[in-house]
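> My file is upload-v4.txt. It has compact mmCIF, C-alpha atoms:
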# COMPACT_ATOMS: atom_id res chain seq x y z
CA MET A 150 0.00 0.00 0.00
CA ARG A 151 1.32 3.43 -0.96
CA THR A 152 2.16 5.99 1.69
CA PRO A 153 -0.71 8.49 1.72
CA LYS A 154 -0.07 12.01 0.46
CA VAL A 155 -2.24 13.55 3.16
CA SER A 156 -3.59 12.56 6.56
CA ILE A 157 -7.09 13.83 7.26
CA CYS A 158 -7.49 14.21 11.02
CA LEU A 159 -11.09 14.28 12.16
CA PRO A 160 -11.51 15.00 15.88
CA VAL A 161 -15.10 14.39 16.95
CA TYR A 162 -17.18 15.43 19.94
CA ASN A 163 -20.98 15.21 19.99
CA ALA A 164 -21.30 15.76 16.24
CA GLU A 165 -24.11 13.38 15.33
CA HIS A 166 -26.05 16.01 13.33
CA THR A 167 -23.23 16.94 10.94
CA LEU A 168 -20.70 14.10 11.06
CA ARG A 169 -22.11 12.05 8.20
CA ASN A 170 -22.00 15.05 5.84
CA THR A 171 -18.40 15.74 6.84
CA LEU A 172 -17.43 12.12 6.22
CA ASN A 173 -19.14 12.18 2.83
CA SER A 174 -17.14 15.28 1.88
CA VAL A 175 -13.98 13.22 2.46
CA LEU A 176 -15.33 10.42 0.25
CA ASN A 177 -15.96 12.90 -2.58
CA GLN A 178 -12.33 14.06 -2.85
CA THR A 179 -10.79 13.91 -6.32
CA GLU A 180 -7.42 13.16 -4.67
CA PRO A 181 -7.61 9.44 -3.81
CA ASN A 182 -4.38 8.96 -1.86
CA TRP A 183 -5.33 9.88 1.70
CA GLU A 184 -5.75 8.31 5.10
CA LEU A 185 -8.48 9.22 7.56
CA ILE A 186 -7.89 9.29 11.31
CA ILE A 187 -11.06 9.71 13.36
CA GLN A 188 -10.76 10.30 17.09
CA ASP A 189 -13.91 10.45 19.17
CA ASN A 190 -13.52 12.51 22.34
CA ALA A 191 -15.85 10.30 24.45
CA SER A 192 -18.95 11.69 22.76
CA LYS A 193 -22.24 11.36 24.60
CA ASP A 194 -24.43 11.21 21.50
CA GLN A 195 -24.50 8.82 18.53
CA SER A 196 -21.20 9.99 17.02
CA TRP A 197 -19.34 6.74 17.70
CA GLU A 198 -22.15 4.68 16.18
CA ILE A 199 -21.99 6.83 13.04
CA ILE A 200 -18.21 6.39 12.87
CA SER A 201 -18.46 2.61 13.31
CA SER A 202 -21.13 2.37 10.63
CA PHE A 203 -19.04 4.45 8.22
CA VAL A 204 -16.01 2.19 8.69
CA THR A 205 -18.14 -0.92 8.13
CA GLU A 206 -19.57 0.58 4.94
CA HIS A 207 -16.11 1.33 3.51
CA PRO A 208 -13.80 -1.57 4.40
CA SER A 209 -11.32 -0.82 1.60
CA LEU A 210 -10.56 2.72 2.77
CA ARG A 211 -7.54 3.59 4.90
CA ILE A 212 -9.32 4.59 8.12
CA LYS A 213 -8.11 4.51 11.71
CA THR A 214 -10.54 5.10 14.56
CA VAL A 215 -9.89 5.87 18.20
CA ARG A 216 -12.41 6.32 20.98
CA LEU A 217 -11.14 8.07 24.10
CA SER A 218 -12.37 6.73 27.42
CA LYS A 219 -12.85 10.21 28.86
CA THR A 220 -13.30 13.66 27.39
CA VAL A 221 -10.16 15.79 27.10
CA SER A 222 -9.79 19.40 25.97
CA ALA A 223 -10.45 20.12 22.30
CA GLU A 224 -6.79 21.08 21.79
CA GLU A 225 -5.59 17.81 23.33
CA ASN A 226 -7.93 15.86 21.07
CA TRP A 227 -6.69 17.74 17.99
CA TYR A 228 -3.02 17.18 18.70
CA SER A 229 -3.46 13.57 19.76
CA CYS A 230 -5.16 12.96 16.42
CA ILE A 231 -2.38 14.77 14.53
CA ARG A 232 0.34 12.70 16.19
CA GLN A 233 -1.06 9.51 14.62
CA THR A 234 -0.54 10.67 11.04
CA THR A 235 1.78 8.99 8.54
CA ALA A 236 1.60 11.42 5.59
CA ASP A 237 3.78 14.47 4.97
CA TRP A 238 0.74 16.76 4.92
CA ILE A 239 -2.09 17.12 7.42
CA LYS A 240 -5.68 18.32 7.06
CA LEU A 241 -7.35 19.00 10.44
CA LEU A 242 -11.02 18.65 9.53
CA PHE A 243 -13.66 19.50 12.11
CA ALA A 244 -16.76 17.33 12.31
CA ASP A 245 -19.20 20.10 11.40
CA ASP A 246 -17.27 21.46 8.40
CA LEU A 247 -17.03 20.33 4.78
CA ILE A 248 -14.19 20.11 2.29
CA TYR A 249 -15.16 20.51 -1.35
CA PRO A 250 -14.24 17.76 -3.87
CA THR A 251 -11.03 19.32 -5.25
CA CYS A 252 -9.79 20.69 -1.90
CA LEU A 253 -7.02 18.15 -1.31
CA GLU A 254 -6.06 18.00 -4.98
CA LYS A 255 -5.64 21.78 -5.27
CA GLN A 256 -3.79 22.20 -1.98
CA LEU A 257 -1.43 19.26 -2.61
CA GLU A 258 -0.68 20.65 -6.08
CA VAL A 259 0.57 23.84 -4.41
CA ALA A 260 2.59 21.81 -1.91
CA GLU A 261 4.27 19.75 -4.63
CA HIS A 262 5.28 22.79 -6.72
CA ASN A 263 6.38 25.20 -3.98
CA SER A 264 9.34 23.99 -1.96
CA GLY A 265 9.58 25.53 1.50
CA VAL A 266 5.84 26.11 1.89
CA VAL A 267 4.48 24.66 5.16
CA ILE A 268 0.91 26.03 5.19
CA ILE A 269 -1.63 26.26 2.37
CA PHE A 270 -5.10 27.72 2.86
CA GLY A 271 -8.01 28.76 0.69
CA LYS A 272 -11.31 30.59 0.79
CA ARG A 273 -14.36 29.14 2.51
CA ASP A 274 -18.12 29.41 2.39
CA VAL A 275 -20.01 29.96 5.64
CA ILE A 276 -23.09 27.77 6.09
CA SER A 277 -25.80 27.28 8.71
CA MET A 278 -26.42 24.11 10.71
CA LYS A 279 -28.88 23.03 8.03
CA GLY A 280 -26.36 23.68 5.26
CA LYS A 281 -27.79 26.95 3.94
CA LEU A 282 -25.17 29.21 2.33
CA LEU A 283 -24.75 32.37 4.41
CA ILE A 284 -21.51 33.91 3.11
CA LYS A 285 -19.79 32.90 -0.13
CA SER A 286 -16.01 32.63 -0.73
CA ARG A 287 -14.78 34.40 2.35
CA GLY A 288 -11.09 34.77 3.19
CA LEU A 289 -7.54 35.58 2.06
CA GLY A 290 -7.65 39.28 2.96
CA ARG A 291 -4.68 40.91 1.19
CA LEU A 292 -2.64 37.70 1.18
CA ARG A 293 -1.99 36.37 -2.29
CA ALA A 294 0.03 33.33 -3.35
CA ARG A 295 3.24 32.90 -1.33
CA PHE A 296 3.71 34.85 1.91
CA ASP A 297 5.89 34.67 5.02
CA ARG A 298 5.19 34.93 8.73
CA THR A 299 5.85 38.67 8.87
CA GLN A 300 3.30 39.32 6.12
CA LEU A 301 0.71 37.20 7.93
CA CYS A 302 1.26 39.06 11.21
CA LYS A 303 0.88 42.43 9.46
CA GLU A 304 -2.38 41.22 7.95
CA ILE A 305 -3.60 40.10 11.39
CA LEU A 306 -2.90 43.57 12.75
CA ALA A 307 -4.53 45.30 9.77
CA THR A 308 -7.74 43.22 9.73
CA GLY A 309 -8.36 42.49 13.42
CA THR A 310 -9.06 38.84 12.67
CA ASN A 311 -7.64 35.49 11.53
CA PRO A 312 -6.85 35.78 7.78
CA LEU A 313 -6.45 32.01 7.39
CA GLY A 314 -9.92 31.22 8.65
CA GLU A 315 -10.93 27.98 10.31
CA PRO A 316 -8.56 24.96 10.60
CA SER A 317 -10.57 22.83 8.17
CA MET A 318 -9.50 25.14 5.33
CA VAL A 319 -5.77 24.73 6.05
CA LEU A 320 -3.27 22.10 4.91
CA PHE A 321 -0.02 22.03 6.86
CA SER A 322 3.31 20.23 6.97
CA LYS A 323 3.74 17.33 9.38
CA LYS A 324 7.46 18.08 9.81
CA ALA A 325 6.72 21.68 10.76
CA SER A 326 4.02 20.52 13.16
CA GLN A 327 6.40 18.10 14.84
CA ARG A 328 8.97 20.84 15.31
CA VAL A 329 6.61 23.35 16.95
CA GLY A 330 4.76 20.85 19.16
CA GLY A 331 1.18 21.02 20.41
CA PHE A 332 -1.48 23.69 20.57
CA CYS A 333 -1.23 26.43 23.19
CA ARG A 334 -4.35 26.91 25.35
CA ASN A 335 -3.48 30.39 26.65
CA ASN A 336 -5.80 32.06 24.15
CA PRO A 337 -8.87 29.89 23.41
CA TYR A 338 -10.22 32.25 20.75
CA LEU A 339 -7.04 32.24 18.63
CA VAL A 340 -5.55 28.83 19.45
CA ASP A 341 -5.48 27.90 15.75
CA LEU A 342 -4.00 31.22 14.57
CA ASP A 343 -1.29 30.96 17.24
CA TYR A 344 -0.44 27.53 15.83
CA TRP A 345 -0.24 28.78 12.24
CA VAL A 346 2.09 31.62 13.26
CA ARG A 347 4.33 29.12 15.04
CA ILE A 348 4.35 26.73 12.06
CA LEU A 349 5.34 29.61 9.77
CA SER A 350 8.59 29.84 11.72
CA GLU A 351 9.48 26.72 9.70
CA GLY A 352 8.70 28.03 6.21
CA ASP A 353 6.27 30.05 4.09
CA GLY A 354 2.53 30.03 3.60
CA PHE A 355 0.47 30.02 0.42
CA ALA A 356 -2.92 31.72 -0.08
CA LEU A 357 -4.90 29.75 -2.65
CA ASP A 358 -7.47 31.93 -4.44
CA PHE A 359 -10.00 29.11 -4.50
CA THR A 360 -12.90 28.10 -2.27
CA VAL A 361 -11.82 24.83 -0.63
CA GLY A 362 -14.64 24.12 1.79
CA ALA A 363 -17.41 25.30 4.09
CA PHE A 364 -17.36 26.36 7.72
CA ARG A 365 -20.56 25.60 9.57
CA ILE A 366 -21.78 28.00 12.26
CA ALA A 367 -22.82 25.51 14.91
CA ASN A 368 -24.94 26.21 17.98
CA GLY A 369 -22.73 26.17 21.06
CA SER A 370 -19.48 26.27 19.09
CA GLY A 371 -16.39 27.57 20.87
CA SER A 372 -16.29 30.77 18.83
CA ILE A 373 -19.91 31.56 19.74
CA ARG A 374 -19.34 30.97 23.46
CA LEU A 375 -16.30 33.26 23.32
CA ILE A 376 -17.91 35.94 21.21
CA TRP A 377 -17.79 38.77 23.76
CA GLN A 378 -14.26 37.85 24.81
CA GLN A 379 -12.94 38.10 21.26
CA SER A 380 -11.72 41.69 21.43
CA PRO A 381 -9.68 41.38 24.68
CA LEU A 382 -8.31 38.00 23.56
CA PHE A 383 -7.33 39.51 20.22
CA ARG A 384 -5.52 42.38 21.94
CA GLN A 385 -3.74 39.82 24.11
CA PHE A 386 -2.59 38.01 20.97
CA LEU A 387 -1.33 41.23 19.39
CA ARG A 388 0.74 41.98 22.49
CA LYS A 389 2.25 38.49 22.22
CA LEU A 390 3.20 39.07 18.57
CA SER A 391 4.69 42.43 19.52
CA CYS A 392 6.77 40.90 22.31
CA GLU A 393 8.11 38.34 19.85
CA GLY A 394 9.10 41.11 17.43
CA LEU A 395 6.64 39.98 14.74
CA ILE A 396 4.73 43.26 14.56
CA LYS A 397 5.34 46.88 15.54
CA LEU A 398 2.55 47.85 17.88
CA ASN A 399 1.68 51.36 19.05
CA GLN A 400 -1.38 52.72 20.84
CA PHE A 401 -3.06 53.85 17.63
CA GLY A 402 -2.51 50.50 15.91
CA MET A 403 -3.84 48.63 18.93
CA ALA A 404 -6.92 50.87 19.10
CA VAL A 405 -7.72 50.39 15.40
CA ALA A 406 -7.24 46.61 15.59
CA ALA A 407 -9.34 46.43 18.76
CA LEU A 408 -12.15 48.40 17.11
CA ARG A 409 -12.13 46.09 14.11
CA SER A 410 -12.25 43.02 16.34
CA ILE A 411 -15.20 44.53 18.28
CA LEU A 412 -17.10 45.22 15.06
CA LEU A 413 -16.42 41.69 13.84
CA ALA A 414 -17.61 40.24 17.15
CA GLY A 415 -20.77 42.31 16.87
CA SER A 416 -21.45 41.11 13.33
CA ARG A 417 -20.90 37.49 14.40
CA ALA A 418 -23.28 37.95 17.33
CA ALA A 419 -25.92 39.45 15.02
CA LEU A 420 -25.56 36.53 12.60
CA TYR A 421 -25.86 34.01 15.43
CA ILE A 422 -29.01 35.70 16.79
CA PHE A 423 -30.47 35.71 13.27
CA LEU A 424 -29.81 31.99 12.91
CA ARG A 425 -31.33 31.23 16.29
CA LEU A 426 -34.48 33.17 15.40
CA THR A 427 -34.92 31.90 11.84
CA ARG A 428 -33.63 28.32 12.43
CA ILE A 429 -32.37 28.12 8.85
So that I can check it, write out the structure of this file as structure tokens.

Amino acid sequence: MRTPKVSICLPVYNAEHTLRNTLNSVLNQTEPNWELIIQDNASKDQSWEIISSFVTEHPSLRIKTVRLSKTVSAEENWYSCIRQTTADWIKLLFADDLIYPTCLEKQLEVAEHNSGVVIIFGKRDVISMKGKLLIKSRGLGRLRARFDRTQLCKEILATGTNPLGEPSMVLFSKKASQRVGGFCRNNPYLVDLDYWVRILSEGDGFALDFTVGAFRIANGSGSIRLIWQQSPLFRQFLRKLSCEGLIKLNQFGMAVAALRSILLAGSRAALYIFLRLTRI
């Protein structure tokens, strides 16, 4: 059996309503040479039964499943899943998101033709719990094609948000991941962005001008629970980047970035309230 080109890591926790759609999005990939690692974080719903059924239905696929005996933090579950990979490239796919059919093919094509790139990300659609399209082709900001860590950090400061978007839209190097270690839990709102900045200490990134998947706004998701903490947590992250010499931060720059993060938090809150009221 060939070594897979990419390891798809699927950490699961109480995802019975969306998990099957996420799994089907993996099946629909035009790139056939992948492995799937599913780790269930001691779910209390029917997630494990769905996983077991999926494995039984597809005996020829390269799938590894793990069921934890007790629930650990989300970050621990993510990294534990990542550490089981065998491919050179990793896709961390959340159980309520989707990757579109050519996602892996397009991102691996960039990886194969751009030596020194350790992160590749693309645009994403934003969908509701029921799969309704809410926002089309969001992402990239001013990042285009190849960029380095300094450029990413400047974009973070300029936009007041995470230019790379959600983890499901990112492909990253296993070697770089091994060098930087696990996820840091000091900033729960930007735990993924902190990881991408650390990985970019090992090479460059690549912004793919292509919509690679869909991020689902899920009731009770971590970003929703943290919505009113987003601005102070973002300012905390900027101070960290400044201390590390990755950005030049003054009072005006901090104020502008903080205002942008507040406005973004407000827009996210409005969207969430709209979804709760309309149930679309």
> Return the single residue from A:Ile276, A:Ala260, A:Ile187, A:Leu413 that is closest to Ile231 of chain A, with distances computed using only C-alpha atoms.
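Once distances to Ile231 of chain A are computed over only C-alpha atoms, the minimum belongs to A:Ile187.
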> With all atoms listed in the file as the atoms that count, which of A:Val175, A:Glu224, A:Cys252, A:Lys281 lies nearest to Val340 of chain A?
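Comparing A:Val175, A:Glu224, A:Cys252, A:Lys281 against Val340 of chain A, the winner is A:Glu224.
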> What's around Leu176 of chain A at 10 Å? Count only C-alpha atoms, leave out sequence neighbours fewer than 6 positions away in its own chain, and write the answer as a compact mmCIF listing (two decimals) with C-alpha atoms, keeping the file's coordinate frame.

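The result, written out as part.txt:
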# COMPACT_ATOMS: atom_id res chain seq x y z
CA ASN A 170 -22.00 15.05 5.84
CA HIS A 207 -16.11 1.33 3.51
CA LEU A 210 -10.56 2.72 2.77
CA ILE A 248 -14.19 20.11 2.29
CA PRO A 250 -14.24 17.76 -3.87
> Of the candidates A:His166, A:Lys154, A:Arg232, A:Arg384, which shows the shortest atom-to-atom distance to Leu257 of chain A, using all atoms listed in the file?
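Result for the nearest residue to Leu257 of chain A: A:Lys154.
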> Point out the residue among A:Asn190, A:Ser380, A:Thr360, A:Thr299 with the least atom-to-atom distance to Ser229 of chain A, counting only C-alpha atoms.
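Looking at the shortest contact to Ser229 of chain A, the residue is A:Asn190.
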> Of the candidates A:Ser317, A:Thr220, A:Gln233, A:Ser410, which shows the shortest atom-to-atom distance to Phe364 of chain A, using all atoms listed in the file?
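Ranked by minimum distance to Phe364 of chain A, first place goes to A:Ser317.
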